[in-house]
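Note sheet for the following structure.
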There are 2 protein chains.
Amino acid sequence: MSLIEPRTLKGFRDYLPETMIPRERLMETARRVYRSFGYLPIDTPALEYEEILTGKGGEESDKQLYRFEDHGGRRVALRFDLTVPLARFVAQHHNDLGLPFKRYHIGTVWRGENTQRGRYREFVQCDFDTIGSTSVAVDVETGLVIHELLRAIGFERFEIRINDRRMLNGVLERAGLADRAVPVLRALDKLDKIGPQKVAEEMAATAGATAAQAHDILSLADARGSNRDILERMQPLVAGTARGEAGLTSLMQILSAMQAAGVPESRLRLDLSIARGLDYYTGTIYETVLGDLPGIGSVCSGGRYDDLASLYTKDKLPGIGASLGLDRLLAAMEELKLIDGRRVSAPLFLAYFDEARLNDYQTLAMRLRSAGIGVEFYPEAKKLGAQLKYADRRGFRHALIIGENEWQAGKGQLKNLAQQSTTEVPLGEGLVEALAKAIGQAS
Amino acid sequence: MSLIEPRTLKGFRDYLPETMIPRERLMETARRVYRSFGYLPIDTPALEYEEILTGKGGEESDKQLYRFEDHGGRRVALRFDLTVPLARFVAQHHNDLGLPFKRYHIGTVWRGENTQRGRYREFVQCDFDTIGSTSVAVDVETGLVIHELLRAIGFERFEIRINDRRMLNGVLERAGLADRAVPVLRALDKLDKIGPQKVAEEMAATAGATAAQAHDILSLADARGSNRDILERMQPLVAGTARGEAGLTSLMQILSAMQAAGVPESRLRLDLSIARGLDYYTGTIYETVLGDLPGIGSVCSGGRYDDLASLYTKDKLPGIGASLGLDRLLAAMEELKLIDGRRVSAPLFLAYFDEARLNDYQTLAMRLRSAGIGVEFYPEAKKLGAQLKYADRRGFRHALIIGENEWQAGKGQLKNLAQQSTTEVPLGEGLVEALAKAIGQAS
């Protein structure tokens with residue numbers, strides 16, 4: 001029989017242990033942070049009715065959708081994000097859930113997009129949202145969660161960029177461009193790429209904006225000075241517009257509360273030019289950029305929306321949330337050498353010498369596991385050199401070696417594989433303490 | 001615009017928080033146990049080339065496969081288990097991985113099967129395997145992992161059923177039926193359903209077995225007496241057959257080592273009639289049955305196989321592993337009322353009164369979270385009754401209430417929602433200790 005070539009699909013990848021270990025750690029950190037704020041876990045199916053998913057993320061999303069006919073002749077599709085399933089979920093269950101409803105959802109999504117460096121067709125999203133409240137307290141909390149996430153993962157240098165969609169609206173309204181918001185903002189969005197001159201030209205061409213109008217709009221992107229300076233500069237540009245003033249007040253409250261709750265000012269940056277989710281967000285907008293790797297873009301983004309589920313229910317369901325880009329963050333951590341590449345799940349390696357002593361090894365290993373010390377027991381009674389080579393390749397730092405002499409003397413050899421040093425440990429009473437001390441010191 | 005009905009596909013389900021919380025807890029327990037034995041996490045894509053997945057699980061699996069053509073015209077399919085992807089993974093990467101390779105994998109799988117009570121078309125599997133060793137030490141360890149899993153989840157009454165495929169072969173060989181193993185074992189597999197008389201008749205009809213031969217085979221299923229009694233009865237039935245004797249020795253070693261390592265004899269049961277994975281397993285076989293709910297079948301099953309990846313590589317890759325039936329176990333726990341239905345991720349509910357105090361509430365909440373006490377802060381400054389009703393419905397046991405008077409006095413009201421009692425706690429120094437004590441006592 002001829003062999004089938006073992007391979008993954010283009011745009012898909014296997015996670016080997018050295019990558020899966022930090023990936024699991026990221027997910028665990030996210031869960032811990034979300035729970036500490038009271039967000040509840042949910043899960044939804046990977047497959048949904050096609051009609052639930054189409055037309056929600058724009059033409060591009062529709063084109064990228066993995067869709068097919070199932071065994072029962074239903075048109076089905078794989079979810080491309082966790083927000084559309086959340087909308088369907090909340091519309092379907094909100095009477096059972098009760099409002100406000102705070103949920104987190106860590107799940108795989110699929111997009112058949114063109115593959116580029118670091119972009120895959122399957123990736124994990126890590127979302128949190130609060131549905132059913134328009135209180136600014138939730139906007140503050142959303143920002144605090146983003147800060148806690150990054151901090152708990154271990155980042156020191158990062159910047160949370162904050163905007164409010166209503167600021168844009170206020171400026172547009174005062175500039176007399178409220179009816180041409182879409183082409184104006186589309187032009188503004190290109191500022192980083194093409195510069196202010198070309199943006200003004202595009203605004204003139206597509207929205208008929210005068211030079212003065214373009215100047216006002218472009219002032220949104222002027223990030224000189226402190227957050228306070230920016231807010232002061234903006235005040236006259238939104239004055240007298242209900243939405244603009246509400247946005248300004250809300251931004252002031254958010255900045256004030258986040259700083260009061262312990263977020264350093266250096267990590268908070270008003271950036272009135274961010275306009276992500278143009279047609280989607282209606283209030284606060286968040287992006288998060290790593291100080292050491294700004295080029296990879298935002299690793300945690302989100303914002304406030306007026307109505308999540310209007311396609312599925314007549315109930316009004318406002319909300320706010322954000323999504324941690326787990327696999328993008330993992331790629332960043334690889335690039336920043338924050339991942340050590342070790343392939344160990346348990347801190348201690350236990351060598352195996354004498355098959356007649358199998359029961360003693362297994363008993364000892366279980367005793368240590370019960371005491372909270374994970375143990376990998378090598379399964380074959382091979383030469384010590386081969387066993388230690390395996391342990392070393394995996395990245396173990398500590399190996400416990402017990403041959404027949406040691407069993408009889410009641411004393412084992414604890415080898416520090418990094419330092420190539422060996423100490424004696426008692427096998428009876430005192431073993432757990434001795435190991436805990438040695439392992440705790442090294443890791 | 002007409003609304004789209006919010007609904008899930010037949011055979012698929014949403015996990016609401018009250019179910020997702022214990023489900024996440026199960027996964028966390030499994031990960032903790034797997035890691036304590038040194039198993040490493042991996043992940044593989046949900047979608048594979050169709051040719052990787054077809055023809056591996058039999059005709060039934062092929063029929064149930066979700067398959068379609070992707071954007072690039074490739075024939076692709078959703079994985080139906082984690083074992084075939086493991087085979088492909090190990091064949092593809094084993095030079096990088098090194099052997100022995102111990103992995104765990106928690107992942108979703110899809111099968112378009114007929115839906116019955118408690119059976120879904122999408123479910124999570126929770127597998128662990130050791131590849132590249134034929135040592136009985138791994139068979140012992142596999143049994144110990146199963147025991148630890150069930151124990152750590154919280155079960156007291158359960159039975160790990162153990163068999164060795166070679167025992168069956170030995171008995172068949174001595175009975176002169178080695179060349180008719182498949183029809184004989186197919187008949188034996190029906191013992192529970194149709195009884196010994198009908199099994200003997202089927203063996204006569206499909207394998208030409210005599211009454212004496214059928215009697216020997218049926219003695220495999222005779223579970224009277226202790227494990228030792230059973231082994232003694234089996235000795236003459238396999239004597240002189242190399243495989244039968246090897247199986248007997250291996251079973252004795254496994255039982256002995258597991259008991260030495262602390263598994264109570266009452267949880268270990270030789271059951272020579274279990275023959276799961278007829279064409280697949282070649283040595284030790286494990287099943288696990290709950291003492292309080294045997295009817296739901298095995299919740300953790302597995303066994304030894306000679307060669308995992310022969311379809312993809314010429315390298316011989318023997319292994320042994322098992323799979324925790326996570327969603328089946330969850331259903332069992334629901335039926336046994338082991339799930340409390342609370343919908344809380346954080347132990348403390350913080351009520352919200354005075355919008356002017358938003359910064360103080362947020363600061364206090366972050367202080368408690370930093371000290372390890374999770375806090376859900378209610379987002380709207382509503383009447384206390386409405387807030388406490390929300391907290392009570394969610395299942396919170398403790399609510400911290402701070403109005404303007406309390407802020408000024410530096411003292412909050414800690415309400416125990418179950419006991420309807422209230423105590424005073426200091427808001428400054430001593431708050432964390434007071435809350436930790438109150439919460440610790442109640443949960």
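Each chain in the structure tokens gets a letter, A, B, ..., in the order shown, and its residues are numbered from 1; ligands are numbered from 1 in order too.
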Can you work out which residues from chain B touch chain A at a cut-off of 7 Å (counting only C-alpha atoms) and hand them back as a PyMOL selection string? chain B and resi 3-9+12-17+20-21+35-45+48-49+66+68+70-71+88+91-92+112+135+137-138+257+260-261+311-313+344-346+359+362-363+366+369+374-376+379-380
Quick one: residues within 9 Å of Glu245 in chain A, only C-alpha atoms, excluding same-chain residues fewer than 4 positions away - as number ranges by chain? A: 166-167, 170, 235, 238-241, 249-250
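CA of Ala211 in chain B sits 13.9 Å away from CA of Leu188 in chain B.
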Nearest-residue call for Ala332 in chain A, choices A:Gly430, A:Phe155, A:Leu172, A:Asp229, using only C-alpha atoms: A:Phe155
What gap, in Å, lies between CA of Arg75 in chain B and CA of Val84 in chain A?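 One can read the CA of Arg75 in chain B to CA of Val84 in chain A distance as 27.0 Å.
Here CA of Ala351 in chain A stands at a distance of 10.2 Å from CA of Gly385 in chain A.
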Could you list, as a ChimeraX atom specification, every residue within 9 Å of Ile217 in chain A, counting only C-alpha atoms and ignoring same-chain residues fewer than 6 positions away? /A:168,171-172,175,184-185,188
Output C-alpha atoms for every residue in that selection, as a short mmCIF file (atom, residue, chain, number, x, y, z; two decimals), in the first residue's frame.
data_model
loop_
_atom_site.label_atom_id
_atom_site.label_comp_id
_atom_site.auth_asym_id
_atom_site.auth_seq_id
_atom_site.Cartn_x
_atom_site.Cartn_y
_atom_site.Cartn_z
CA LEU A 168 -15.48 62.08 15.03
CA VAL A 171 -16.14 67.30 14.53
CA LEU A 172 -17.86 66.26 11.30
CA ALA A 175 -17.41 71.11 10.07
CA VAL A 184 -14.16 61.46 4.98
CA LEU A 185 -13.28 58.76 7.51
CA LEU A 188 -8.60 59.80 7.34
#
Members of range 6-222 of chain A assigned alpha helix (DSSP H) by DSSP, as a PyMOL selection string: chain A and resi 17-36+50-53+58-64+83-97+136-153+165-174+181-188+191-207+211-219
Expected file contents, prior selection, C-alpha atoms, as an mmCIF file, in the first residue's frame:
data_model
loop_
_atom_site.group_PDB
_atom_site.id
_atom_site.type_symbol
_atom_site.label_atom_id
_atom_site.label_comp_id
_atom_site.auth_asym_id
_atom_site.auth_seq_id
_atom_site.Cartn_x
_atom_site.Cartn_y
_atom_site.Cartn_z
ATOM 1 C CA PRO A 17 4.600 21.520 22.425
ATOM 2 C CA GLU A 18 7.156 24.358 22.479
ATOM 3 C CA THR A 19 4.501 26.677 20.987
ATOM 4 C CA MET A 20 1.420 25.099 22.554
ATOM 5 C CA ILE A 21 2.765 25.464 26.106
ATOM 6 C CA PRO A 22 2.952 29.296 25.978
ATOM 7 C CA ARG A 23 -0.307 29.357 23.964
ATOM 8 C CA GLU A 24 -2.102 27.457 26.729
ATOM 9 C CA ARG A 25 -0.500 29.791 29.262
ATOM 10 C CA LEU A 26 -1.898 32.810 27.388
ATOM 11 C CA MET A 27 -5.386 31.310 27.375
ATOM 12 C CA GLU A 28 -5.157 30.515 31.072
ATOM 13 C CA THR A 29 -4.053 34.049 31.869
ATOM 14 C CA ALA A 30 -6.937 35.454 29.837
ATOM 15 C CA ARG A 31 -9.448 33.205 31.603
ATOM 16 C CA ARG A 32 -8.047 34.172 35.008
ATOM 17 C CA VAL A 33 -8.270 37.899 34.238
ATOM 18 C CA TYR A 34 -11.777 37.678 32.727
ATOM 19 C CA ARG A 35 -13.040 35.724 35.723
ATOM 20 C CA SER A 36 -11.552 38.181 38.195
ATOM 21 C CA GLU A 50 -25.073 29.945 6.668
ATOM 22 C CA GLU A 51 -27.785 32.627 6.915
ATOM 23 C CA ILE A 52 -26.644 33.428 10.471
ATOM 24 C CA LEU A 53 -23.115 34.220 9.299
ATOM 25 C CA GLY A 58 -18.989 42.654 4.818
ATOM 26 C CA GLU A 59 -18.269 41.263 1.368
ATOM 27 C CA GLU A 60 -14.737 40.263 2.269
ATOM 28 C CA SER A 61 -15.925 38.070 5.143
ATOM 29 C CA ASP A 62 -18.575 36.440 2.976
ATOM 30 C CA LYS A 63 -15.981 35.543 0.391
ATOM 31 C CA GLN A 64 -13.698 34.045 3.030
ATOM 32 C CA THR A 83 -19.107 38.354 17.680
ATOM 33 C CA VAL A 84 -21.741 37.207 15.185
ATOM 34 C CA PRO A 85 -22.264 33.958 17.161
ATOM 35 C CA LEU A 86 -22.544 36.095 20.333
ATOM 36 C CA ALA A 87 -25.253 38.183 18.683
ATOM 37 C CA ARG A 88 -27.156 35.020 17.708
ATOM 38 C CA PHE A 89 -26.570 33.525 21.184
ATOM 39 C CA VAL A 90 -27.790 36.570 23.086
ATOM 40 C CA ALA A 91 -30.845 37.006 20.837
ATOM 41 C CA GLN A 92 -31.709 33.350 21.418
ATOM 42 C CA HIS A 93 -31.054 33.126 25.156
ATOM 43 C CA HIS A 94 -31.227 36.576 26.690
ATOM 44 C CA ASN A 95 -34.326 35.802 28.710
ATOM 45 C CA ASP A 96 -32.447 32.948 30.395
ATOM 46 C CA LEU A 97 -29.223 34.886 30.696
ATOM 47 C CA VAL A 136 -19.679 54.432 31.259
ATOM 48 C CA ALA A 137 -18.660 52.155 34.157
ATOM 49 C CA VAL A 138 -18.510 49.328 31.621
ATOM 50 C CA ASP A 139 -16.371 51.367 29.238
ATOM 51 C CA VAL A 140 -13.963 51.935 32.126
ATOM 52 C CA GLU A 141 -14.016 48.267 33.064
ATOM 53 C CA THR A 142 -13.325 47.207 29.474
ATOM 54 C CA GLY A 143 -10.194 49.358 29.509
ATOM 55 C CA LEU A 144 -9.146 47.942 32.877
ATOM 56 C CA VAL A 145 -9.532 44.386 31.588
ATOM 57 C CA ILE A 146 -7.305 45.179 28.579
ATOM 58 C CA HIS A 147 -4.683 46.642 30.918
ATOM 59 C CA GLU A 148 -4.833 43.665 33.287
ATOM 60 C CA LEU A 149 -4.563 41.212 30.378
ATOM 61 C CA LEU A 150 -1.366 42.744 29.027
ATOM 62 C CA ARG A 151 0.105 43.172 32.495
ATOM 63 C CA ALA A 152 -0.732 39.613 33.562
ATOM 64 C CA ILE A 153 0.788 38.195 30.371
ATOM 65 C CA ARG A 165 -16.634 57.471 17.714
ATOM 66 C CA ARG A 166 -18.825 60.390 18.805
ATOM 67 C CA MET A 167 -15.804 62.728 18.745
ATOM 68 C CA LEU A 168 -15.485 62.082 15.033
ATOM 69 C CA ASN A 169 -19.183 62.698 14.614
ATOM 70 C CA GLY A 170 -19.017 65.931 16.583
ATOM 71 C CA VAL A 171 -16.143 67.296 14.528
ATOM 72 C CA LEU A 172 -17.856 66.262 11.296
ATOM 73 C CA GLU A 173 -21.071 67.906 12.415
ATOM 74 C CA ARG A 174 -19.387 71.196 13.316
ATOM 75 C CA ALA A 181 -18.842 60.783 7.140
ATOM 76 C CA VAL A 182 -17.993 57.594 5.277
ATOM 77 C CA PRO A 183 -15.745 58.997 2.521
ATOM 78 C CA VAL A 184 -14.161 61.458 4.975
ATOM 79 C CA LEU A 185 -13.277 58.762 7.507
ATOM 80 C CA ARG A 186 -12.126 56.400 4.786
ATOM 81 C CA ALA A 187 -9.638 59.066 3.730
ATOM 82 C CA LEU A 188 -8.601 59.797 7.335
ATOM 83 C CA LEU A 191 -3.233 58.997 7.162
ATOM 84 C CA ASP A 192 -0.365 56.736 8.281
ATOM 85 C CA LYS A 193 0.090 55.412 4.771
ATOM 86 C CA ILE A 194 -0.240 58.496 2.552
ATOM 87 C CA GLY A 195 0.250 61.544 4.832
ATOM 88 C CA PRO A 196 -1.968 64.611 5.561
ATOM 89 C CA GLN A 197 -1.552 66.279 2.157
ATOM 90 C CA LYS A 198 -2.892 63.304 0.211
ATOM 91 C CA VAL A 199 -5.647 62.736 2.784
ATOM 92 C CA ALA A 200 -6.877 66.324 2.350
ATOM 93 C CA GLU A 201 -6.802 65.829 -1.417
ATOM 94 C CA GLU A 202 -8.843 62.650 -1.144
ATOM 95 C CA MET A 203 -11.346 64.371 1.160
ATOM 96 C CA ALA A 204 -11.756 67.125 -1.400
ATOM 97 C CA ALA A 205 -12.199 64.642 -4.227
ATOM 98 C CA THR A 206 -14.553 62.155 -2.589
ATOM 99 C CA ALA A 207 -16.419 64.338 -0.078
ATOM 100 C CA ALA A 211 -9.160 72.965 2.935
ATOM 101 C CA ALA A 212 -10.510 74.384 6.260
ATOM 102 C CA GLN A 213 -12.820 71.420 6.728
ATOM 103 C CA ALA A 214 -10.024 68.967 5.974
ATOM 104 C CA HIS A 215 -7.839 70.819 8.474
ATOM 105 C CA ASP A 216 -10.415 70.393 11.256
ATOM 106 C CA ILE A 217 -10.775 66.704 10.514
ATOM 107 C CA LEU A 218 -7.029 66.199 10.340
ATOM 108 C CA SER A 219 -6.652 67.882 13.721
#
Nearest to Asn405 in chain B among B:Arg342, B:Pro236, B:Asp354, B:Arg79, with distances taken over only C-alpha atoms: which residue is it?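 Going through B:Arg342, B:Pro236, B:Asp354, B:Arg79 one by one, the smallest distance to Asn405 in chain B is for B:Asp354.
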Could you give me, as a ChimeraX atom specification, each residue of range 51-297 of chain A that DSSP assigns to strand (DSSP E or B) when run on this structure's backbone? /A:67-69,75-78,101-110,122-131,158-164,268-270,284-290
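Take the candidates B:Arg397, B:Ser266, B:Ile402, B:Gly410 and check each one against Gly440 in chain B using only C-alpha atoms; the shortest distance goes to B:Arg397.
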